[in-house]
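Chemist: Quick one: this structure, given as structure tokens, is what I'll be asking you about.
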Amino acid sequence: MDFLVRSFKGGATNNTLERPPEIIHSSSELLVYGSTPSFIFDTNKLKKVIVLGDIIGFSSEQGIRSSKDSVRSFLKQKIESSNSFQWINHLEGRFVLIIIDYKNNFWISTDKFGKKDVYYQKRKNGMDLSSDMSFLNQKVAAAGYDQSAIAHSLSFYGYRPPKKHTIYNDIRRLGVGEIAESIDGQLKIIKLKVELSSTREYNHSDHKTYKENFLGYLEATGSKEGNIVYLSSGWDSTSILAGLIHVFGKKSVRGVIGKMLYSERSGNCNIYEMERAQKFADYYGINLMVTELNYAQKGLENFSKVEEIFLSNQFHSFTGVNHFLLAEAANEMRNGNESIFAGEISDGAHNFGFSQYASIFHPSLDFREYSDKMATYLFGPTFTQLILQGHHLDDPIYKLFLEKNNQSKFDPVEKDQQEIMRQVFQSMFIRNGRLPLWSGKNISMLREEGLESYTQEMTKTYFNDFVDIEMNQLYSSFLHLYNSFHWQGSTVATLQTMCDKFEMNSYLPFWGNNIQEFLSLMPESWGRGLDFNRTKYPLKEMLDGGIDYPIGLQEGPHSYTYDVDHSFNHNNELIYHSALNPMAKDLLKQKNYQSILSDSFFDIDYLDRLVDQFVDSEQPLEGSEREDLVSLFLFSQTGWYN
């Protein structure tokens, strides 16, 4: 899916690239380079249409229409008859769509959720739009670095700027629902209307709808040549496993899992996950391949495999490295045009990230699951209404979480309703603790001026369009914004990007249009509030009798060592006790980050102190200081264009 669209004012002056994909369109003022497109065709109105990536199909009353002929007919009809691009929201897939007319005007869009990136940069004699930054002008330091984008990369889990941003002032990305339009060589960004859904009451028949949406997506994306599941043993990946076997049969499905060896002292730190995954494989009679995610001996070796991908896509995360290693293993085991599946984004889509049994640690897994529901409730319409009414401090659930975090700072509630809604979205998407009114002052690395600038930039760019929503549109707004934040971050987007590098088709079923719409409409009473329905309620109901699924296997510790030893921390093992430790010390003691971080924005002295203690002291950092150090290491390890 690599591509570059290079537009020239007054004619082309340079049509060479260091690592060129093939030229798929050429004229005096416009060059389009691309890896093998899905298809190219002309419309009756003298427009060329180029599809890069995978359009699975389009939504219809009959479900997903997925034949290439029907997709081509749909595109032709819409492009020729519509002056709006709103119809793009009916297309299912992960793709880039390029439309060119006979005057060299062009339009570029991605799918509804922006799963594929489009970077753009203006030049003196034109503009470039591309799939990653390696094709762009890398002399970007002259324009400076975007401190707000860097602040988000360093302070928020996901380790990447939000969707429209990059860390460079002169390079941006197309946002969710944006179209790049070039008329007479002038670039304009068109914003599609945000189509929010309003929650409604669900009944028993809606379980059937969820099941049909889920299995319909698997049927449309699965391959008769075979399907490989990243099998983590949790509800999400095992539901995909069960669904694929339901649709295609067990002979068409295999699994792969990573064995996490983060240090010699801790050994296999996902043993519970591996044991359960093997039980699922045995139950269904499928093969399960185990590949090592080995940092105990292979620190630099693992990172060297991804350094170019990370730099050109501004990724910074251990998870991204793991996704490469899993893709590498899947590529070795595949025997044809198999589809790759993973359960990513299900946590956010169903319960806004609160479904990891981690909100409150307790010996009872049932209570831990209910504590996740309590955390979800605090971002639901019922509690948000209490904030608007000024009664939130009377809520016993909120009191419980405030007491649990009594050393942290919380902001006072604003008086204006729009400002309160801004606070709600800020708490969800740009704060390092996910509780309503969690203060940005808990981000130790940011100075007051930097925090204010970061908050204003992100609020203006992403949240202002949602401050006047109806309360029954809150869930839909969250799901829409997830596409600009966590789901495009280094812990999610890397999964499909790494599969791209091996030319493998990869799918995240919970990112399908119909599933997303179902979850946008889903009410608080379906596992998101203080009801007794479980987290991921419709998914678990489908598995508990809807299809063949050994639900009894989901007992016991969730996945990792920290499920039974709450002092255990993955980042602690990786930064202090793995083969990465000497490499991290050598890198961080150079303090290269000082050259791009603004001292008025960041507390450089604080960051320097963390580095000095890490490099010179035997006393390990803990808590938020350790997490800040890890974030700084990951950012520095990826590096930046100078």
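Residues in the structure tokens are numbered from 1 in each chain, the chains being A, B, ... in the order shown, and ligands are numbered from 1 in the order shown.
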Once you count only C-alpha atoms, what closest atom pair and distance in Å to one decimal does each residue of stretch 110-178 of chain A within 12 Å of stretch 497-512 of chain A have, with rows by chain and rising residue number, as a tab-separated table?

Modeler:
residue	atom	partner	partner_atom	distance
A:Asp111	CA	A:Gly512	CA	10.9
A:Lys112	CA	A:Gly512	CA	9.9
A:Phe113	CA	A:Trp511	CA	8.3
A:Gly114	CA	A:Trp511	CA	10.9
A:Lys115	CA	A:Trp511	CA	9.2
A:Lys116	CA	A:Thr497	CA	8.6
A:Asp117	CA	A:Thr497	CA	10.0
A:Ser131	CA	A:Thr497	CA	10.6
A:Asp132	CA	A:Thr497	CA	10.6

Chemist: How would the residues just picked look written out with C-alpha atoms as a short mmCIF file (atom, residue, chain, number, x, y, z; two decimals), in the first residue's frame?

Modeler:
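Written output follows (part_30.cif):
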data_model
loop_
_atom_site.label_atom_id
_atom_site.label_comp_id
_atom_site.auth_asym_id
_atom_site.auth_seq_id
_atom_site.Cartn_x
_atom_site.Cartn_y
_atom_site.Cartn_z
CA ASP A 111 -11.69 4.66 4.48
CA LYS A 112 -14.31 5.85 6.97
CA PHE A 113 -12.08 5.29 10.00
CA GLY A 114 -8.79 6.51 8.52
CA LYS A 115 -7.09 3.14 9.00
CA LYS A 116 -4.46 4.04 6.42
CA ASP A 117 -2.40 7.22 6.77
CA SER A 131 1.66 6.65 2.70
CA ASP A 132 4.61 7.41 4.97
#

Chemist: Taking 2 positions as the minimum chain separation for residues in the same chain, which residues sit within 12 Å of A:Leu607 when counting only C-alpha atoms? Answer as an NGL selection string.

Modeler: :A and (154 or 443-447 or 588-589 or 591-594 or 597 or 599 or 602-605 or 609-614 or 625-633)

Chemist: Write the residues of the selection above to a file with N, CA and C atoms, as a short mmCIF file (atom, residue, chain, number, x, y, z; two decimals), in the first residue's frame.

Modeler:
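Okay, again07.cif is ready:
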data_model
loop_
_atom_site.label_atom_id
_atom_site.label_comp_id
_atom_site.auth_asym_id
_atom_site.auth_seq_id
_atom_site.Cartn_x
_atom_site.Cartn_y
_atom_site.Cartn_z
N LEU A 154 4.73 11.57 24.06
CA LEU A 154 5.50 11.26 25.27
C LEU A 154 4.63 11.02 26.50
N ILE A 443 0.89 15.40 34.49
CA ILE A 443 1.92 15.12 33.49
C ILE A 443 3.17 15.90 33.89
N SER A 444 4.09 15.26 34.56
CA SER A 444 5.23 15.95 35.18
C SER A 444 6.17 16.57 34.16
N MET A 445 6.25 16.02 32.96
CA MET A 445 7.23 16.50 32.00
C MET A 445 6.83 17.82 31.33
N LEU A 446 5.57 18.25 31.48
CA LEU A 446 5.11 19.46 30.83
C LEU A 446 5.10 20.64 31.79
N ARG A 447 5.63 21.76 31.33
CA ARG A 447 5.50 23.00 32.09
C ARG A 447 4.06 23.51 31.96
N LEU A 588 20.17 7.09 25.98
CA LEU A 588 19.60 8.20 26.74
C LEU A 588 20.65 9.12 27.35
N LYS A 589 21.82 8.60 27.69
CA LYS A 589 22.82 9.46 28.30
C LYS A 589 23.33 10.53 27.34
N LYS A 591 21.26 12.32 25.62
CA LYS A 591 20.25 13.37 25.78
C LYS A 591 19.97 14.11 24.49
N ASN A 592 19.86 13.35 23.40
CA ASN A 592 19.58 13.97 22.10
C ASN A 592 18.23 14.66 22.07
N TYR A 593 17.32 14.23 22.93
CA TYR A 593 15.99 14.84 22.97
C TYR A 593 16.06 16.34 23.27
N GLN A 594 17.14 16.77 23.92
CA GLN A 594 17.27 18.20 24.24
C GLN A 594 17.28 19.07 22.99
N LEU A 597 13.21 19.31 21.95
CA LEU A 597 12.18 19.68 22.91
C LEU A 597 12.37 21.13 23.35
N ASP A 599 12.33 24.10 25.83
CA ASP A 599 12.47 24.22 27.28
C ASP A 599 11.31 24.98 27.90
N PHE A 602 8.55 21.89 27.76
CA PHE A 602 8.86 20.70 28.55
C PHE A 602 9.76 21.06 29.72
N ASP A 603 9.63 20.32 30.81
CA ASP A 603 10.53 20.45 31.95
C ASP A 603 11.74 19.57 31.67
N ILE A 604 12.70 20.15 30.97
CA ILE A 604 13.89 19.39 30.56
C ILE A 604 14.68 18.92 31.77
N ASP A 605 14.72 19.74 32.83
CA ASP A 605 15.44 19.34 34.04
C ASP A 605 14.86 18.06 34.62
N ARG A 609 16.83 14.55 34.92
CA ARG A 609 16.98 13.88 36.22
C ARG A 609 16.61 12.40 36.11
N LEU A 610 15.54 12.11 35.38
CA LEU A 610 15.16 10.72 35.19
C LEU A 610 16.26 9.94 34.47
N VAL A 611 16.82 10.55 33.43
CA VAL A 611 17.87 9.88 32.67
C VAL A 611 19.10 9.67 33.53
N ASP A 612 19.49 10.69 34.29
CA ASP A 612 20.68 10.57 35.14
C ASP A 612 20.50 9.47 36.17
N GLN A 613 19.34 9.40 36.78
CA GLN A 613 19.10 8.35 37.77
C GLN A 613 19.12 6.98 37.11
N PHE A 614 18.56 6.89 35.92
CA PHE A 614 18.54 5.61 35.21
C PHE A 614 19.95 5.16 34.83
N GLU A 625 7.27 8.03 37.02
CA GLU A 625 8.62 8.41 36.58
C GLU A 625 9.21 7.33 35.67
N ARG A 626 9.02 6.08 36.02
CA ARG A 626 9.50 4.99 35.16
C ARG A 626 8.78 5.02 33.81
N GLU A 627 7.47 5.26 33.83
CA GLU A 627 6.72 5.29 32.57
C GLU A 627 7.18 6.46 31.70
N ASP A 628 7.49 7.59 32.30
CA ASP A 628 8.00 8.74 31.54
C ASP A 628 9.36 8.40 30.93
N LEU A 629 10.21 7.72 31.69
CA LEU A 629 11.52 7.33 31.17
C LEU A 629 11.37 6.38 29.99
N VAL A 630 10.50 5.38 30.11
CA VAL A 630 10.29 4.42 29.02
C VAL A 630 9.79 5.15 27.77
N SER A 631 8.86 6.08 27.96
CA SER A 631 8.34 6.85 26.83
C SER A 631 9.46 7.64 26.15
N LEU A 632 10.34 8.25 26.95
CA LEU A 632 11.45 9.02 26.40
C LEU A 632 12.42 8.11 25.66
N PHE A 633 12.67 6.92 26.20
CA PHE A 633 13.53 5.95 25.52
C PHE A 633 12.95 5.55 24.17
#

Chemist: Looking at A:Leu543, A:Leu91, A:Ile286, A:Val247, which one is nearest to A:Lys208, with distances taken over only C-alpha atoms?

Modeler: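 Nearest candidate to A:Lys208 out of A:Leu543, A:Leu91, A:Ile286, A:Val247: A:Leu543.
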
Chemist: Mind dumping a table of every stretch 446-532 of chain A residue within 10 Å of stretch 141-149 of chain A, with the nearest atom pair and its distance in Å to one decimal, using only C-alpha atoms, sorted by chain and rising number, as a Markdown table?

Modeler:
| residue | atom | partner | partner_atom | distance |
| --- | --- | --- | --- | --- |
| A:Gly450 | CA | A:Ser148 | CA | 7.7 |
| A:Leu451 | CA | A:Ser148 | CA | 8.6 |
| A:Glu452 | CA | A:Ser148 | CA | 9.7 |
| A:Ser453 | CA | A:Ser148 | CA | 7.0 |
| A:Tyr454 | CA | A:Ser148 | CA | 4.7 |
| A:Thr455 | CA | A:Ser148 | CA | 8.2 |
| A:Gln456 | CA | A:Ser148 | CA | 9.3 |
| A:Glu457 | CA | A:Ser148 | CA | 7.0 |
| A:Met458 | CA | A:Ser148 | CA | 7.9 |

Chemist: Which neighbours of A:Val32 fall inside 7 Å, counting only C-alpha atoms, when residues of the same chain fewer than 5 positions from it are skipped, and could you give them as a ChimeraX atom specification?

Modeler: /A:4-6,23-26

Chemist: Could the residues in this selection be written to a file with all heavy atoms, as a CSV table (one decimal), in the first residue's frame?

Modeler:
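So the final result, stored in out-v7.csv, reads:
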chain,number,residue,atom,x,y,z
A,4,LEU,N,2.8,7.5,-3.4
A,4,LEU,CA,3.2,8.9,-3.4
A,4,LEU,C,2.5,9.6,-4.5
A,4,LEU,O,2.6,9.1,-5.7
A,4,LEU,CB,4.7,9.1,-3.6
A,4,LEU,CG,5.2,10.5,-3.8
A,4,LEU,CD1,5.0,11.4,-2.6
A,4,LEU,CD2,6.7,10.5,-4.2
A,5,VAL,N,1.8,10.7,-4.2
A,5,VAL,CA,1.2,11.6,-5.2
A,5,VAL,C,2.0,12.8,-5.2
A,5,VAL,O,2.1,13.5,-4.2
A,5,VAL,CB,-0.3,11.8,-4.9
A,5,VAL,CG1,-0.8,12.8,-5.9
A,5,VAL,CG2,-1.1,10.6,-4.9
A,6,ARG,N,2.7,13.1,-6.3
A,6,ARG,CA,3.6,14.3,-6.4
A,6,ARG,C,3.0,15.2,-7.5
A,6,ARG,O,2.9,14.9,-8.6
A,6,ARG,CB,5.0,13.8,-6.8
A,6,ARG,CG,6.0,15.0,-6.9
A,6,ARG,CD,7.4,14.4,-6.8
A,6,ARG,NE,7.7,14.2,-5.4
A,6,ARG,CZ,8.9,13.7,-5.0
A,6,ARG,NH1,9.8,13.3,-5.9
A,6,ARG,NH2,9.1,13.5,-3.7
A,23,ILE,N,5.3,3.7,-11.2
A,23,ILE,CA,4.5,4.8,-11.6
A,23,ILE,C,3.2,4.2,-12.2
A,23,ILE,O,3.2,3.5,-13.1
A,23,ILE,CB,5.2,5.7,-12.7
A,23,ILE,CG1,6.4,6.3,-12.1
A,23,ILE,CG2,4.2,6.8,-13.2
A,23,ILE,CD1,7.2,7.2,-13.0
A,24,ILE,N,2.0,4.6,-11.6
A,24,ILE,CA,0.7,4.1,-12.0
A,24,ILE,C,-0.1,5.2,-12.7
A,24,ILE,O,-1.2,5.0,-13.2
A,24,ILE,CB,0.0,3.5,-10.9
A,24,ILE,CG1,-0.2,4.4,-9.7
A,24,ILE,CG2,0.6,2.2,-10.4
A,24,ILE,CD1,-1.0,3.8,-8.5
A,25,HIS,N,0.4,6.5,-12.6
A,25,HIS,CA,-0.2,7.6,-13.4
A,25,HIS,C,0.9,8.6,-13.6
A,25,HIS,O,1.6,9.0,-12.7
A,25,HIS,CB,-1.4,8.2,-12.6
A,25,HIS,CG,-2.0,9.4,-13.3
A,25,HIS,ND1,-2.9,9.3,-14.4
A,25,HIS,CD2,-1.7,10.7,-13.1
A,25,HIS,CE1,-3.2,10.5,-14.8
A,25,HIS,NE2,-2.5,11.4,-14.0
A,26,SER,N,0.9,9.1,-14.9
A,26,SER,CA,1.9,10.1,-15.2
A,26,SER,C,1.4,11.2,-16.1
A,26,SER,O,0.7,10.8,-17.1
A,26,SER,CB,3.1,9.4,-15.8
A,26,SER,OG,4.1,10.4,-16.2

Chemist: Under the rule that only C-alpha atoms are counted, which of A:Asp548, A:Asp206, A:Glu292, A:Asp42 is the nearest residue to A:Asn322?

Modeler: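 So, comparing all the options, the nearest one is A:Glu292.
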
Chemist: When distances are computed from only C-alpha atoms, which of A:Ile79, A:Leu326, A:Leu402, A:Leu293 shows the smallest separation from A:Tyr262?

Modeler: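 Residue with the minimum atom-to-atom distance to A:Tyr262: A:Leu293.
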
Chemist: Do a neighbour search on A:Met274 at 12 Å with only C-alpha atoms, toss out local chain neighbours closer than 4 positions, and write the hits as a ChimeraX atom specification.

Modeler: /A:230-234,255-260,268-270,278-281,288-292,557-561

Chemist: Any idea what the distance is between atom CA of A:Asp347 and atom CA of A:Glu369?

Modeler: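 Atom CA of A:Glu369 lies 12.5 Å from atom CA of A:Asp347.
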
Chemist: Compare A:Gly380, A:Gly545, A:Gly433, A:Gly249 by their minimum atom-to-atom distance to A:Trp526, counting only C-alpha atoms, and give me the closest one.

Modeler: A:Gly380

Chemist: Return the single residue from A:Pro37, A:Gly243, A:Gly527, A:Gly177 that is closest to A:Lys193, with distances computed using only C-alpha atoms.

Modeler: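 Checking each candidate against A:Lys193, we get A:Gly177 as the closest.
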
Chemist: Near A:Asp236, counting only C-alpha atoms, which residues have an atom at most 8 Å away, once you skip same-chain residues fewer than 3 positions from it, shown as a ChimeraX atom specification?

Modeler: /A:233,239-240,342-344,346

Chemist: As a ChimeraX atom specification, please: every residue in stretch 209-390 of chain A that a backbone DSSP assignment puts in strand (DSSP E or B).

Modeler: /A:227-230,253-261,268,288-294,339-341
